$ cat coords_23.cif   # mmCIF, C-alpha atoms and all ligand atoms
data_final
#
loop_
_atom_site.label_atom_id
_atom_site.label_comp_id
_atom_site.auth_asym_id
_atom_site.auth_seq_id
_atom_site.Cartn_x
_atom_site.Cartn_y
_atom_site.Cartn_z
CA MET J 174 -43.12 27.71 27.50
CA PRO J 175 -45.33 27.53 30.54
CA VAL J 176 -44.17 28.03 34.08
CA VAL J 177 -42.54 24.74 35.14
CA ALA J 178 -41.86 23.03 38.45
CA MET J 179 -38.53 23.77 40.17
CA ARG J 180 -37.43 20.19 39.52
CA GLU J 181 -37.79 20.61 35.74
CA ILE J 182 -35.22 23.39 35.85
CA LEU J 183 -32.83 22.16 38.54
CA ASP J 184 -32.68 18.41 37.79
CA PRO J 185 -30.88 18.90 34.44
CA ALA J 186 -28.73 21.72 35.85
CA PHE J 187 -27.57 19.54 38.74
CA ALA J 188 -27.00 16.53 36.47
CA GLU J 189 -24.93 18.51 33.99
CA ARG J 190 -23.34 20.82 36.53
CA TYR J 191 -24.38 24.22 35.32
CA GLY J 192 -25.91 26.91 37.52
CA VAL J 193 -29.31 28.51 37.14
CA ALA J 194 -29.61 32.10 38.30
CA ALA J 195 -32.25 32.61 40.98
CA ILE J 196 -32.81 36.34 41.00
CA ASN J 197 -34.69 38.25 43.70
CA VAL J 198 -36.95 40.75 41.97
CA VAL J 199 -38.53 43.68 43.77
CA ASP J 200 -41.28 44.89 41.42
CA ASP J 201 -42.78 44.64 37.93
CA LEU J 202 -39.87 46.41 36.23
CA THR J 203 -37.21 44.11 37.69
CA LEU J 204 -39.37 41.05 36.97
CA GLU J 205 -39.73 42.01 33.29
CA ALA J 206 -36.02 42.90 33.00
CA VAL J 207 -34.73 39.55 34.32
CA LEU J 208 -37.21 37.61 32.17
CA ALA J 209 -35.96 39.57 29.15
CA ALA J 210 -32.36 38.65 30.05
CA ALA J 211 -33.23 34.94 30.25
CA THR J 212 -35.10 35.16 26.95
CA GLU J 213 -32.14 36.83 25.24
CA LEU J 214 -29.77 34.07 26.44
CA GLU J 215 -32.27 31.23 25.96
CA ALA J 216 -31.70 30.32 29.58
CA PRO J 217 -33.96 28.80 32.22
CA LEU J 218 -34.54 31.17 35.12
CA ILE J 219 -35.68 31.05 38.73
CA VAL J 220 -37.47 34.19 39.88
CA GLN J 221 -37.43 34.73 43.64
CA THR J 222 -39.21 37.00 46.04
CA SER J 223 -38.13 37.90 49.52
CA LEU J 224 -40.81 37.76 52.19
CA LYS J 225 -40.48 41.55 52.44
CA THR J 226 -41.41 41.96 48.76
CA VAL J 227 -44.37 39.58 49.04
CA LYS J 228 -45.63 41.43 52.11
CA ALA J 229 -45.21 44.81 50.40
CA MET J 230 -47.03 43.86 47.18
CA GLY J 231 -49.39 41.19 48.43
CA ALA J 232 -49.11 37.57 47.33
CA ARG J 233 -52.08 37.71 44.95
CA ALA J 234 -50.97 40.93 43.25
CA PHE J 235 -47.42 39.69 42.78
CA TYR J 236 -48.52 36.28 41.55
CA THR J 237 -50.98 37.71 39.03
CA MET J 238 -48.27 39.94 37.58
CA TRP J 239 -45.85 37.00 37.54
CA ARG J 240 -48.22 34.77 35.57
CA VAL J 241 -48.92 37.42 32.97
CA ARG J 242 -45.21 38.12 32.47
CA ALA J 243 -44.03 34.52 32.70
CA ASP J 244 -46.59 33.27 30.18
CA GLU J 245 -45.17 35.73 27.63
CA VAL J 246 -41.61 34.39 27.66
CA PRO J 247 -40.36 31.44 25.57
CA VAL J 248 -37.97 30.07 28.24
CA PRO J 249 -38.80 27.86 31.24
CA VAL J 250 -39.24 29.81 34.45
CA THR J 251 -40.31 29.03 37.99
CA LEU J 252 -41.21 31.06 41.09
CA HIS J 253 -39.50 30.61 44.46
CA LEU J 254 -40.03 32.20 47.89
CA ASP J 255 -36.64 33.04 49.41
CA HIS J 256 -35.83 32.84 53.18
CA CYS J 257 -39.15 32.54 54.96
CA PRO J 258 -39.26 31.66 58.65
CA ASP J 259 -43.02 32.34 58.81
CA ARG J 260 -45.19 29.25 58.28
CA GLN J 261 -48.30 31.29 57.51
CA TRP J 262 -46.61 33.08 54.64
CA ILE J 263 -45.23 29.74 53.39
CA SER J 264 -48.82 28.48 53.28
CA THR J 265 -50.09 31.64 51.61
CA CYS J 266 -47.47 31.47 48.85
CA LEU J 267 -47.99 27.74 48.26
CA ARG J 268 -51.75 28.23 48.03
CA THR J 269 -51.30 31.19 45.69
CA GLY J 270 -49.06 29.30 43.26
CA TRP J 271 -45.37 29.67 44.15
CA ASN J 272 -43.48 26.64 42.78
CA SER J 273 -40.91 26.40 45.55
CA VAL J 274 -40.25 27.79 49.04
CA LEU J 275 -37.26 28.11 51.34
CA PHE J 276 -38.53 27.36 54.82
CA ASP J 277 -35.82 29.11 56.83
CA GLY J 278 -35.78 27.33 60.16
CA SER J 279 -32.14 28.16 60.77
CA GLU J 280 -33.04 30.03 63.96
CA LEU J 281 -34.61 26.85 65.35
CA ASP J 282 -32.66 23.96 66.78
CA VAL J 283 -32.08 21.22 64.24
CA ASP J 284 -34.69 18.84 65.71
CA GLU J 285 -37.45 21.45 65.64
CA ASN J 286 -36.34 22.66 62.19
CA THR J 287 -36.49 19.02 60.98
CA ARG J 288 -39.95 18.52 62.45
CA GLN J 289 -41.36 21.67 60.85
CA THR J 290 -39.60 21.15 57.51
CA ILE J 291 -41.20 17.68 57.25
CA GLU J 292 -44.58 19.42 57.57
CA VAL J 293 -43.67 22.04 54.97
CA VAL J 294 -42.50 19.35 52.51
CA ALA J 295 -45.84 17.51 52.91
CA GLU J 296 -47.76 20.76 52.43
CA ALA J 297 -45.71 21.69 49.35
CA GLU J 298 -46.25 18.25 47.82
CA ARG J 299 -50.00 18.80 47.94
CA HIS J 300 -49.45 21.84 45.71
CA GLY J 301 -46.90 20.16 43.40
CA ALA J 302 -44.23 22.47 44.84
CA HIS J 303 -40.69 21.90 46.11
CA VAL J 304 -38.88 22.88 49.31
CA GLU J 305 -35.39 24.23 49.90
CA GLY J 306 -34.03 23.49 53.36
CA GLU J 307 -31.52 25.28 55.53
CA ILE J 308 -30.16 24.55 59.00
CA GLU J 309 -27.37 27.08 59.20
CA THR J 310 -27.81 30.84 59.10
CA VAL J 311 -26.22 32.51 56.10
CA ALA J 312 -24.41 35.49 57.62
CA GLY J 313 -25.83 38.91 56.81
CA VAL J 314 -29.32 40.38 56.91
CA GLU J 315 -31.38 40.17 53.71
CA ASP J 316 -34.64 42.11 53.52
CA GLY J 317 -35.03 41.96 57.29
CA VAL J 318 -34.35 38.22 57.66
CA GLY J 319 -31.16 36.89 59.26
CA SER J 320 -28.36 38.30 61.38
CA ASP J 321 -24.84 39.60 60.85
CA ASP J 322 -23.38 36.75 62.89
CA ALA J 323 -22.05 33.81 60.94
CA GLY J 324 -23.83 31.48 63.38
CA ARG J 325 -23.22 27.81 63.99
CA VAL J 326 -21.94 25.48 61.32
CA HIS J 327 -22.87 21.84 61.81
CA PRO J 328 -20.85 18.83 60.65
CA VAL J 329 -21.97 17.78 57.14
CA GLU J 330 -23.41 14.57 58.63
CA VAL J 331 -25.98 16.70 60.47
CA SER J 332 -27.01 18.35 57.20
CA ALA J 333 -27.14 14.96 55.47
CA LYS J 334 -29.42 13.61 58.21
CA PHE J 335 -31.68 16.67 57.88
CA ILE J 336 -31.94 16.16 54.10
CA GLU J 337 -32.73 12.47 54.53
CA GLU J 338 -35.33 12.95 57.26
CA THR J 339 -37.15 15.90 55.69
CA GLY J 340 -37.07 14.97 52.00
CA VAL J 341 -36.24 18.54 50.94
CA TYR J 342 -35.63 18.87 47.22
CA SER J 343 -32.72 21.31 47.51
CA PHE J 344 -30.47 22.46 50.32
CA ALA J 345 -28.58 25.63 51.26
CA PRO J 346 -25.34 24.65 53.03
CA ALA J 347 -23.13 27.06 54.97
CA ILE J 348 -20.03 27.45 52.81
CA GLY J 349 -18.60 30.73 54.03
CA THR J 350 -20.64 33.04 51.81
CA ALA J 351 -22.66 35.93 53.23
CA HIS J 352 -25.61 38.08 52.21
CA GLY J 353 -24.88 41.66 51.20
CA LEU J 354 -21.54 43.05 50.09
CA TYR J 355 -18.24 41.49 51.15
CA LYS J 356 -15.96 43.79 53.13
CA SER J 357 -13.05 41.41 52.55
CA SER J 358 -12.82 38.34 50.34
CA PRO J 359 -14.75 35.46 51.91
CA GLU J 360 -13.11 32.28 53.13
CA LEU J 361 -15.09 29.71 51.21
CA ARG J 362 -15.48 26.08 52.17
CA PRO J 363 -16.41 24.54 48.82
CA GLU J 364 -15.48 21.05 50.01
CA ARG J 365 -18.65 21.05 52.12
CA VAL J 366 -20.69 21.06 48.90
CA THR J 367 -18.75 18.08 47.54
CA GLU J 368 -19.09 16.16 50.80
CA LEU J 369 -22.84 16.77 51.03
CA VAL J 370 -23.49 15.88 47.40
CA ALA J 371 -21.52 12.64 47.92
CA LEU J 372 -23.79 11.78 50.86
CA HIS J 373 -27.01 13.08 49.27
CA PRO J 374 -27.01 13.98 45.58
CA ILE J 375 -29.58 16.77 45.57
CA PRO J 376 -29.20 20.29 44.13
CA MET J 377 -27.26 22.61 46.44
CA VAL J 378 -28.10 26.30 46.64
CA LEU J 379 -25.52 29.05 46.72
CA HIS J 380 -26.56 32.01 48.86
CA GLY J 381 -24.57 35.22 49.17
CA GLY J 382 -23.22 34.99 45.62
CA THR J 383 -22.93 38.70 44.87
CA GLY J 384 -19.25 39.60 44.82
CA LEU J 385 -17.80 36.14 44.22
CA THR J 386 -15.36 35.80 41.33
CA GLU J 387 -16.18 33.94 38.14
CA SER J 388 -13.84 31.10 39.12
CA GLN J 389 -15.41 30.83 42.60
CA PHE J 390 -18.84 30.53 40.98
CA ALA J 391 -17.55 27.95 38.48
CA ASP J 392 -15.96 25.86 41.22
CA LEU J 393 -19.07 25.82 43.43
CA ILE J 394 -21.34 25.08 40.47
CA SER J 395 -19.10 22.18 39.36
CA ARG J 396 -19.45 20.72 42.88
CA GLY J 397 -23.26 20.77 42.76
CA CYS J 398 -24.53 24.30 43.45
CA ALA J 399 -27.21 24.21 40.74
CA LYS J 400 -29.22 27.18 42.06
CA VAL J 401 -27.27 30.40 42.40
CA ASN J 402 -29.06 33.17 44.27
CA ILE J 403 -28.58 36.76 43.21
CA SER J 404 -30.15 39.49 45.32
CA THR J 405 -27.64 42.18 46.30
CA ALA J 406 -26.44 42.66 42.69
CA LEU J 407 -29.99 43.45 41.60
CA LYS J 408 -30.50 45.91 44.43
CA ILE J 409 -27.26 47.68 43.50
CA ALA J 410 -28.11 47.82 39.77
CA PHE J 411 -31.62 49.05 40.54
CA VAL J 412 -30.68 51.78 43.01
CA GLU J 413 -27.47 52.96 41.34
CA SER J 414 -29.11 53.26 37.92
CA HIS J 415 -31.80 55.50 39.41
CA ARG J 416 -29.06 57.58 41.02
CA GLU J 417 -27.03 57.77 37.79
CA TYR J 418 -30.03 58.89 35.80
CA LEU J 419 -31.08 61.52 38.32
CA GLU J 420 -27.55 62.92 38.62
CA ALA J 421 -27.14 63.02 34.82
CA ASN J 422 -30.56 64.61 34.28
CA PRO J 423 -31.15 67.20 36.99
CA GLY J 424 -34.45 68.98 36.61
CA LYS J 425 -35.83 66.42 34.16
CA HIS J 426 -39.12 64.79 35.14
CA ASP J 427 -39.53 61.96 32.67
CA PRO J 428 -40.37 58.69 34.42
CA PRO J 429 -40.51 56.49 31.26
CA SER J 430 -36.95 57.51 30.27
CA MET J 431 -35.66 56.94 33.79
CA LEU J 432 -37.36 53.53 33.98
CA THR J 433 -35.93 52.52 30.59
CA HIS J 434 -32.45 53.33 31.92
CA VAL J 435 -33.09 51.32 35.10
CA ARG J 436 -34.52 48.37 33.16
CA GLU J 437 -31.39 48.22 30.96
CA ALA J 438 -29.10 48.23 34.02
CA VAL J 439 -31.05 45.42 35.69
CA LYS J 440 -31.20 43.40 32.49
CA ASP J 441 -27.43 43.80 31.92
CA MET J 442 -26.77 42.59 35.48
CA ALA J 443 -28.93 39.51 34.86
CA VAL J 444 -27.32 38.76 31.48
CA ARG J 445 -23.86 38.97 33.08
CA HIS J 446 -24.73 36.51 35.86
CA ILE J 447 -26.69 34.03 33.73
CA GLY J 448 -23.78 33.98 31.27
CA MET J 449 -21.27 33.35 34.07
CA PHE J 450 -23.24 30.40 35.48
CA GLY J 451 -23.32 28.43 32.22
CA SER J 452 -27.08 28.27 31.73
CA ALA J 453 -27.20 30.28 28.48
CA GLY J 454 -28.72 28.12 25.73
CA ARG J 455 -30.01 25.57 28.26
CA ALA J 456 -33.71 26.42 27.91
CA ARG J 457 -34.01 23.53 25.46
CA ALA J 458 -32.66 21.00 28.00
CA VAL J 459 -35.69 21.79 30.12
CA SER J 460 -38.26 21.68 27.33
CA ALA J 461 -36.86 18.31 26.24
CA SER J 462 -37.48 16.89 29.71
CA THR J 463 -40.99 18.28 30.04
CA THR J 464 -42.51 17.38 26.69
ZN ZN J 501 -30.01 33.74 51.13
#
$ encode --input "coords_23.cif" --output "structure tokens"
Amino acid sequence: MPVVAMREILDPAFAERYGVAAINVVDDLTLEAVLAAATELEAPLIVQTSLKTVKAMGARAFYTMWRVRADEVPVPVTLHLDHCPDRQWISTCLRTGWNSVLFDGSELDVDENTRQTIEVVAEAERHGAHVEGEIETVAGVEDGVGSDDAGRVHPVEVSAKFIEETGVYSFAPAIGTAHGLYKSSPELRPERVTELVALHPIPMVLHGGTGLTESQFADLISRGCAKVNISTALKIAFVESHREYLEANPGKHDPPSMLTHVREAVKDMAVRHIGMFGSAGRARAVSASTT
């Protein structure tokens, strides 16, 4: 299955109300591990990169690795750039081949964010790519983007107007979730998803998913959160599995064995989340709509 457009994966997910995991990878090992998880579950998958990861690896180097890996798997996959406030990097990724970008203009006022998002949507269209929009800051810093403050939350009508005026394909509403780990259980506002979908039926994106319960995921997905971002859970699996291995094997200097252990931990994390979101076995829904 070739790499497909974001729409090919999210349109059926939104229509049938299942969630597709959108996992932030950090390197070649995590990329291969999450693709292996999707293959095992016959699930569509969205692979994401933070701006920090793209800057660290270089867009061309990451994209080349992505194409080689993605072309090997039998399930539909697509590549998305997570929170990016920098227009130049948006352009670089679109030119290089990313299928979708989140232009994060949440630090701008809504009028300026709308104006710039319209430009990004037009630019993305020229590349056959899609745009995720955001007007409210998701609390918590992720890879150097964002702030710990929850920030303003606008009435849903303001979000609906933004969606209408910009033509974004998907939208990340503020629903009480936060990036990073929850210190106490979050006060979710799932009704905002329902209200927005009623006004504008486009796929909603769940940010700050790590740490939500299975029933919280299921509820938000049933309301229209078709793209479910997972970043913190991967970071934890990646770092803790290194730590576990090193603590269990002091004095051993065997990188391939350590990396095998890490790969299994990352793959297990991905399998667990994909299974929870209901997209296992859905790879065929996508191939049916593309062929
Ligand atoms: Zn996010």
$ closest_atom_pairs --input "coords_23.cif" --of "chain J" --to "ligand ZN 501 (chain J)" --cutoff "9 Å" --atoms "all atoms listed in the file" --output "JSON lines"
{"residue": "J:Asp255", "atom": "CA", "partner": "J:ZN501", "partner_atom": "ZN", "distance": 6.9}
{"residue": "J:His256", "atom": "CA", "partner": "J:ZN501", "partner_atom": "ZN", "distance": 6.2}
{"residue": "J:Thr310", "atom": "CA", "partner": "J:ZN501", "partner_atom": "ZN", "distance": 8.8}
{"residue": "J:Val311", "atom": "CA", "partner": "J:ZN501", "partner_atom": "ZN", "distance": 6.4}
{"residue": "J:Ala312", "atom": "CA", "partner": "J:ZN501", "partner_atom": "ZN", "distance": 8.7}
{"residue": "J:Gly313", "atom": "CA", "partner": "J:ZN501", "partner_atom": "ZN", "distance": 8.7}
{"residue": "J:Val314", "atom": "CA", "partner": "J:ZN501", "partner_atom": "ZN", "distance": 8.8}
{"residue": "J:Glu315", "atom": "CA", "partner": "J:ZN501", "partner_atom": "ZN", "distance": 7.1}
{"residue": "J:Gly319", "atom": "CA", "partner": "J:ZN501", "partner_atom": "ZN", "distance": 8.8}
{"residue": "J:Ala345", "atom": "CA", "partner": "J:ZN501", "partner_atom": "ZN", "distance": 8.2}
{"residue": "J:Ala351", "atom": "CA", "partner": "J:ZN501", "partner_atom": "ZN", "distance": 8.0}
{"residue": "J:His352", "atom": "CA", "partner": "J:ZN501", "partner_atom": "ZN", "distance": 6.3}
{"residue": "J:Val378", "atom": "CA", "partner": "J:ZN501", "partner_atom": "ZN", "distance": 8.9}
{"residue": "J:Leu379", "atom": "CA", "partner": "J:ZN501", "partner_atom": "ZN", "distance": 7.8}
{"residue": "J:His380", "atom": "CA", "partner": "J:ZN501", "partner_atom": "ZN", "distance": 4.5}
{"residue": "J:Gly381", "atom": "CA", "partner": "J:ZN501", "partner_atom": "ZN", "distance": 6.0}
{"residue": "J:Gly382", "atom": "CA", "partner": "J:ZN501", "partner_atom": "ZN", "distance": 8.8}
{"residue": "J:Asn402", "atom": "CA", "partner": "J:ZN501", "partner_atom": "ZN", "distance": 6.9}
{"residue": "J:Ile403", "atom": "CA", "partner": "J:ZN501", "partner_atom": "ZN", "distance": 8.6}
{"residue": "J:Ser404", "atom": "CA", "partner": "J:ZN501", "partner_atom": "ZN", "distance": 8.2}
$ residues_around --input "coords_23.cif" --residues "His373 of chain J" --least-positions-apart "2" --cutoff "8 Å" --atoms "only C-alpha atoms" --output "list in words"
Ala333, Ile336, Glu337, Leu369, Val370, Ala371 and Ile375 of chain J
$ atom_distance --input "coords_23.cif" --atom1 "atom CA of Trp262 of chain J" --atom2 "atom CA of Ala302 of chain J"
14.6 Å
$ atom_distance --input "coords_23.cif" --atom1 "atom CA of His327 of chain J" --atom2 "atom CA of Glu364 of chain J"
13.9 Å
$ closest_residue --input "coords_23.cif" --among "J:Glu309, J:Asp441, J:Glu280, J:Asp392" --to "Ala406 of chain J" --atoms "all atoms listed in the file"
J:Asp441
$ residues_near_point --input "coords_23.cif" --point "(-25.5, 42.5, 42.9)" --cutoff "10 Å" --atoms "all atoms listed in the file" --output "JSON, numbers by chain"
{"J": [196, 353, 354, 381, 382, 383, 384, 403, 404, 405, 406, 407, 408, 409, 410, 411, 439, 442, 443, 446]}
$ closest_residue --input "coords_23.cif" --among "J:Cys257, J:Val294, J:Ala453, J:Leu385" --to "Tyr355 of chain J" --atoms "only C-alpha atoms"
J:Leu385
$ atom_distance --input "coords_23.cif" --atom1 "atom CA of Gln261 of chain J" --atom2 "atom CA of Val198 of chain J"
21.4 Å
$ closest_residue --input "coords_23.cif" --among "J:Val199, J:Leu214, J:Ile182, J:Val207" --to "Ser273 of chain J" --atoms "all atoms listed in the file"
J:Ile182
$ closest_residue --input "coords_23.cif" --among "J:Asp201, J:Ala178, J:Ala209, J:Val246" --to "Ala297 of chain J" --atoms "only C-alpha atoms"
J:Ala178
